[in-house]
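Encoded as structure tokens, the structure appears first; notes follow it.
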Amino acid sequence: MTLTGVRSSSMPRLVKPLAWLWSGLGFLFRFLLLAWATLALYWSDLPRAWLRLALALTFLAFGIYALWFKRTPKAYLLFAGLFFAVVALYHSIQPSFDRPWQTEVAVLPQAFRDGDRVLLKNFRNFDYRSTTDFTPHYESREVSLSDLTSLDFYISYWIPGPIAHTFVTFNFNNAPPVCISIEARREIGQGFDPLSSLFKQFGLIYVV
């Protein structure tokens, strides 16, 4: 067999895995687009829960039809138009400070720097008796950046699995440590949901 014959006979063996890979990547891309837009509609700022659910299911059904069954340029263009409308709706969700916040996250901290000195206001120093029984207390603290000696990075797992919460603590040679945590700013009666938190359903707060 000639060299040309060997090359031509090996080509089909290479084409089929590449075709499978391309098909798999295409499926994954379409699936992620459809899943994101469906969930973004469901957790949008539209006023009624039943309306959000109906729109999300309708979009999901049309997306499956357009991307897996119809698969024509017109269907793709129509899906793209609806998808970008969902993106615009998602970006229209704006944060708000005027909400009935839970006590733990009701007060925003402030930091004022004057050269080497940093004044921290609304430093949270609650008196905890349990996770739900506590006395709120805020204070002001002043630290010097030149007195910073080390930083600690903590990871707290509150459930088994890859999800955790992180903290950064700044340690000083002449002052108590300052711990900073970025947390979900929840409203009264609002629980935490990791999935909906990906769709702007929670504000963020720096807790100091």
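Every chain in the structure tokens has a letter given in the order shown (A, B, ...), and although residue numbers restart at 1 in each chain, ligands are simply numbered from 1 in the order shown.
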Worksheet entry | Those of chain A in DSSP helix (DSSP H, G or I), formatted as a PyMOL selection string | chain A and resi 3-42+49-70+73-91+103-105+145-147+196-199
With C-alpha atoms retained, export the selected residues as a CSV table (one decimal), in the first residue's frame.
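Heads up, here's the output in again.csv:
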```csv
chain,number,residue,atom,x,y,z
A,3,LEU,CA,1.8,6.3,1.6
A,4,THR,CA,-1.2,8.1,0.0
A,5,GLY,CA,-3.3,5.0,0.5
A,6,VAL,CA,-2.3,4.8,4.2
A,7,ARG,CA,-3.2,8.5,4.7
A,8,SER,CA,-6.6,8.2,3.0
A,9,SER,CA,-7.5,5.1,5.0
A,10,SER,CA,-6.7,6.7,8.3
A,11,MET,CA,-8.7,9.8,7.6
A,12,PRO,CA,-12.2,8.3,8.3
A,13,ARG,CA,-10.9,7.1,11.7
A,14,LEU,CA,-10.0,10.7,12.6
A,15,VAL,CA,-13.1,12.4,11.1
A,16,LYS,CA,-15.6,10.4,13.2
A,17,PRO,CA,-14.2,11.2,16.6
A,18,LEU,CA,-13.8,14.9,15.6
A,19,ALA,CA,-17.4,14.9,14.4
A,20,TRP,CA,-18.6,13.5,17.7
A,21,LEU,CA,-16.5,16.1,19.6
A,22,TRP,CA,-17.9,18.9,17.5
A,23,SER,CA,-21.4,17.6,17.9
A,24,GLY,CA,-21.0,17.3,21.7
A,25,LEU,CA,-19.6,20.8,22.0
A,26,GLY,CA,-22.5,22.1,20.0
A,27,PHE,CA,-25.0,20.3,22.1
A,28,LEU,CA,-23.4,21.6,25.3
A,29,PHE,CA,-23.3,25.2,24.0
A,30,ARG,CA,-27.0,25.1,23.1
A,31,PHE,CA,-27.9,23.5,26.3
A,32,LEU,CA,-26.1,26.1,28.4
A,33,LEU,CA,-27.6,29.0,26.5
A,34,LEU,CA,-31.1,27.6,26.9
A,35,ALA,CA,-30.7,26.7,30.6
A,36,TRP,CA,-29.3,30.1,31.5
A,37,ALA,CA,-32.0,32.0,29.7
A,38,THR,CA,-34.8,29.8,31.1
A,39,LEU,CA,-33.5,30.3,34.7
A,40,ALA,CA,-32.9,34.0,34.1
A,41,LEU,CA,-36.6,34.4,33.1
A,42,TYR,CA,-37.8,32.4,36.0
A,49,ALA,CA,-44.5,34.1,39.9
A,50,TRP,CA,-46.9,32.4,37.6
A,51,LEU,CA,-46.0,34.8,34.8
A,52,ARG,CA,-42.3,34.1,35.3
A,53,LEU,CA,-42.9,30.4,35.3
A,54,ALA,CA,-45.1,30.5,32.2
A,55,LEU,CA,-42.6,32.6,30.2
A,56,ALA,CA,-39.7,30.3,31.3
A,57,LEU,CA,-41.5,27.2,30.2
A,58,THR,CA,-42.6,28.7,27.0
A,59,PHE,CA,-39.1,29.9,26.2
A,60,LEU,CA,-37.7,26.4,27.1
A,61,ALA,CA,-40.2,24.7,24.8
A,62,PHE,CA,-39.5,27.0,21.9
A,63,GLY,CA,-35.7,26.7,22.5
A,64,ILE,CA,-35.8,22.9,22.3
A,65,TYR,CA,-38.0,23.2,19.1
A,66,ALA,CA,-35.7,25.8,17.5
A,67,LEU,CA,-32.3,24.4,18.4
A,68,TRP,CA,-32.9,20.6,18.2
A,69,PHE,CA,-35.9,20.0,15.9
A,70,LYS,CA,-36.5,22.9,13.5
A,73,PRO,CA,-31.7,29.9,10.0
A,74,LYS,CA,-35.1,31.6,10.7
A,75,ALA,CA,-35.6,29.5,13.9
A,76,TYR,CA,-32.0,30.3,15.0
A,77,LEU,CA,-32.5,34.0,14.4
A,78,LEU,CA,-35.8,34.1,16.3
A,79,PHE,CA,-34.2,32.2,19.2
A,80,ALA,CA,-31.2,34.6,19.2
A,81,GLY,CA,-33.6,37.6,19.3
A,82,LEU,CA,-35.5,36.2,22.2
A,83,PHE,CA,-32.3,35.2,24.0
A,84,PHE,CA,-30.9,38.8,23.7
A,85,ALA,CA,-34.3,40.1,25.0
A,86,VAL,CA,-33.7,37.9,28.1
A,87,VAL,CA,-30.2,39.2,28.4
A,88,ALA,CA,-31.5,42.8,28.3
A,89,LEU,CA,-34.1,41.9,31.0
A,90,TYR,CA,-31.4,40.4,33.2
A,91,HIS,CA,-29.2,43.5,32.9
A,103,THR,CA,-30.7,42.6,61.1
A,104,GLU,CA,-27.3,41.0,60.5
A,105,VAL,CA,-26.9,42.9,57.1
A,145,LEU,CA,-1.5,49.9,57.4
A,146,SER,CA,2.2,50.0,58.5
A,147,ASP,CA,1.2,47.9,61.5
A,196,SER,CA,-31.0,31.7,42.4
A,197,SER,CA,-28.1,33.7,43.8
A,198,LEU,CA,-26.5,33.4,40.3
A,199,PHE,CA,-29.3,35.4,38.9
```
Worksheet item: If you count only C-alpha atoms, which residues fall within 8 Å of Tyr206 (chain A), apart from same-chain ones fewer than 5 positions away, as a PyMOL selection string?
Response: chain A and resi 108-109+180-183
Pull C-alpha atoms from the residues just selected and write them as a CSV table (one decimal), in the first residue's frame.
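Generated output (again.csv):
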```csv
chain,number,residue,atom,x,y,z
A,108,LEU,CA,-23.3,49.0,55.6
A,109,PRO,CA,-19.7,49.4,56.7
A,180,ILE,CA,-13.9,41.0,56.1
A,181,SER,CA,-16.5,38.8,54.5
A,182,ILE,CA,-18.5,39.2,51.3
A,183,GLU,CA,-22.0,37.9,52.0
```
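Separating CA of Asp127 (chain A) from CA of Tyr154 (chain A) is a distance of 21.7 Å.
One distance worth recording is that between CA of Val168 (chain A) and CA of Ile155 (chain A), which is 9.1 Å.
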Item to complete: Within 8 Å of Arg185 (chain A), counting only C-alpha atoms, which residues show up once you throw out same-chain ones fewer than 4 positions away? Write them as JSON, numbers by chain, please.
Response: {"A": [101, 102, 105, 202, 203, 204, 205]}
Write the residues of the selection above to a file with C-alpha atoms, as a PDB file, in the first residue's frame.
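In the end it all went to selection.pdb:
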```pdb
ATOM      1  CA  TRP A 101     -32.950  43.862  55.386  1.00  0.00           C
ATOM      2  CA  GLN A 102     -32.280  41.218  57.994  1.00  0.00           C
ATOM      3  CA  VAL A 105     -26.871  42.891  57.147  1.00  0.00           C
ATOM      4  CA  PHE A 202     -29.484  38.688  46.410  1.00  0.00           C
ATOM      5  CA  GLY A 203     -27.609  41.854  47.100  1.00  0.00           C
ATOM      6  CA  LEU A 204     -24.012  41.743  48.306  1.00  0.00           C
ATOM      7  CA  ILE A 205     -22.544  43.316  51.424  1.00  0.00           C
TER       8      ILE A 205
END
```
Discussion item. Among region 31-134 of chain A, which ones does DSSP assign to strand (DSSP E) (computed from the backbone)? Answer as number ranges by chain.
Written reply: A: 110-114, 117-124, 127-128, 134
Discussion item. Residues near Ile93 (chain A), anyone? I mean within 10 Å using only C-alpha atoms, not counting same-chain ones fewer than 5 positions away, as a list in words.
Written reply: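 The neighbour list is Ser44, Asp45, Leu46, Ala88, Phe199, Lys200 and Gln201 of chain A.
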May I have the residues from that selection written out with N, CA and C atoms, as a CSV table (one decimal), in the first residue's frame?
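This went into part33.csv:
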```csv
chain,number,residue,atom,x,y,z
A,44,SER,N,-36.4,36.4,37.2
A,44,SER,CA,-36.3,37.8,36.7
A,44,SER,C,-37.1,38.7,37.7
A,45,ASP,N,-37.2,40.0,37.4
A,45,ASP,CA,-37.9,40.9,38.3
A,45,ASP,C,-39.4,41.1,37.8
A,46,LEU,N,-39.8,40.2,36.9
A,46,LEU,CA,-41.2,40.3,36.5
A,46,LEU,C,-42.1,40.1,37.7
A,88,ALA,N,-31.2,41.4,28.0
A,88,ALA,CA,-31.5,42.8,28.3
A,88,ALA,C,-32.4,42.9,29.6
A,199,PHE,N,-28.5,34.6,39.7
A,199,PHE,CA,-29.3,35.4,38.9
A,199,PHE,C,-29.8,36.7,39.6
A,200,LYS,N,-28.9,37.3,40.3
A,200,LYS,CA,-29.2,38.6,40.9
A,200,LYS,C,-30.4,38.7,41.9
A,201,GLN,N,-30.6,37.6,42.6
A,201,GLN,CA,-31.7,37.5,43.5
A,201,GLN,C,-31.3,37.9,45.0
```
Residues at most 8 Å from Arg124 (chain A), counting only C-alpha atoms, excluding those fewer than 3 positions away in the same chain, as a PDB file with C-alpha atoms, in the first residue's frame?
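Contents of part27.pdb, as written:
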```pdb
ATOM      1  CA  PRO A 136     -26.510  44.130  67.493  1.00  0.00           C
ATOM      2  CA  HIS A 137     -23.566  46.375  68.235  1.00  0.00           C
ATOM      3  CA  TYR A 138     -21.552  48.512  65.833  1.00  0.00           C
ATOM      4  CA  GLU A 139     -18.435  50.514  66.575  1.00  0.00           C
ATOM      5  CA  VAL A 207     -19.299  42.610  56.483  1.00  0.00           C
ATOM      6  CA  VAL A 208     -16.413  44.009  58.559  1.00  0.00           C
TER       7      VAL A 208
END
```
Practice prompt. Find, counting only C-alpha atoms, the residue in A:Phe134, A:Cys179, A:Arg71, A:Asn122 that gets nearest to Ala106 (chain A).
Written response: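 The answer is A:Asn122, which sits nearest to Ala106 (chain A).
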